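A.B. asks: Before anything else, here's the structure in question.
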Amino acid sequence: MKAKKFLAAVLACSIMCGATTTIGAYEQNSYFVAAAADIVNSGKCGENAVWTLDSEGTLTISGTGEMTNYFSNESPFYDNDNIKNIVIEDGVTSIGDNAFRQCLKLIEISIPESVTTIGYDAFWATHLKSITIPDSVTYIGDGAFMYCSNLTDIKLPVSVKEIEMSTFSNCTKLTSITIPNSVTTIDTWAFEYCISLTDITIPENVDIIRMEAFDRCKSLARVTFSGSVGYIGEAAFRECTSLTDITFSDSVTTIGEDAFRECTSLTDVTLPAGLESIREAAFRECTSLKNVTIPDGVKKIESSAFWGCSSLNGVTIPDSVISIGSYAFYECSDLTSITIPESVTSIGNTAFAHCTSLTNITIPDSITYIYSDTFADCDKLTITGYIGSCAEKYANEYSIPFIAISDVTTPIVTLAGDANYDGSVDMADAVLIMQALANPNKYGIGGTAEHHLTEQGKLNGDMNGDGLTVGDAQAIQSKLLGLE
């Protein structure tokens, strides 16, 4: 009997101990289940890539190879406010087009070294604050970070060669970006409306900045071009209203249309030595611009280039310029004096109209036509030019005071027979004399032809001192034939 009671006690103790261990194990397991977030959704996002979303808002992309490229709103993550954090595991090689478009609560992402491509519009309108892009990434698609309005800074990997179209457009809190030397092109709208960006250095291997790349970056104060930039595209820095400092590299050959239009804080500009063309409206309405240094080598100042630069009072046009376009200096109301070099052959319609402070302009004999309103509303103007020139005719026609360029200030080369004043005597001189006598309105002094007779040419062509006649043309021919 006692033996049975003993065995019963041992059995009861064993059961209790076993029950205690089981309960303890159950409680411990329950603790870990409560600590781990529950998987609330999952699926495929590539041929060999899968995703899971847990209850705490972490989206995990795992597997191997590329993610699927989606159209617009077709991604399974489109406009998902439950996604706050993304972890992409090693093995995944791409982030698909439109992958996380409009995930408005997304603030953090981890990208592994296995990723080489970020597709277009991949993070469009997410709320990422910062992102580290690994050096394995060689391509970032159009609009990849467009409308990421909380993104404050970014460092691009050294493997990226092009900043594609609209990549960072409307990143309104972006204050700084590091562009590596590997980049050769900054594409259209790449940083437009990045209204907090203050400073940008274009690295040495960038050779082209396309249309509207930094358009309306209203806090941008400094731009430094280094290295090989040759072309600054249309409206590239338009309405960068805080811009005060531009450092050009001499490699720049073209400043595109509207490139710096309405940069209203810009006061002084020294254009690069390699510049060949200032395109239409390039500096239009830069209302604080006072001084512009145009280098020798520029051939054209195109239409509206400095329209409305109302503070401009210092500009020198070099001898390389051959044409000044319509409206080029329109409404430059502080401009007081300007000299047009002999190289210029055409001045466009209203080129200097409404330059209300302009008191003197020197116009060379190379100008053969002046539009009626080229100097409209220049009420203080006096024109300096050559006697018998188009400039004198214009001044007389519109009752503008005229000052003749005297022989003292103009070096004269006297060469008997050199009627076209080119420094040599040949048959062209005899031809010009005959043309001037036959059609003086076209080929005579102040004529409309590009190559017409000048006062000095008339003196040179008068071989016998009795005035210019057919006999002078014959005398030149005789001289050339050695019959004198």
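If you're wondering about the labels, chains in the structure tokens are A, B, ... by order shown, residues count from 1 in each chain, ligands from 1 in order shown.
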Might you pull out every residue within 12 Å of Glu285 (chain A), with only C-alpha atoms counted and same-chain residues fewer than 4 positions away left off, and present them as an MDAnalysis selection string?

C.D. replies: chainID A and resid 238:241 258:267 281 289:290 304:312 327:333

A.B. asks: Using only C-alpha atoms, determine which residues lie at most 7 Å from region 176-183 of chain A, disregarding the query and same-chain residues fewer than 3 positions distant; provide the list as a PyMOL selection string.

C.D. replies: chain A and resi 153-162+197+199+203-206

A.B. asks: Quote the spacing between CA of Asn360 (chain A) and CA of Ser343 (chain A) in Å to one decimal place.

C.D. replies: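 That distance, rounded to one decimal, is 18.9 Å.
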
A.B. asks: Using DSSP assignments from the backbone, pull out every residue in region 329-444 of chain A that falls under helix (DSSP H, G or I) and give it to me as a list in words.

C.D. replies: Cys390, Ala391, Glu392, Lys393, Tyr394, Ala395, Asn396, Glu397, Met427, Ala428, Asp429, Ala430, Val431, Leu432, Ile433, Met434, Gln435, Ala436, Leu437, Ala438, Pro440, Asn441, Lys442 and Tyr443 of chain A
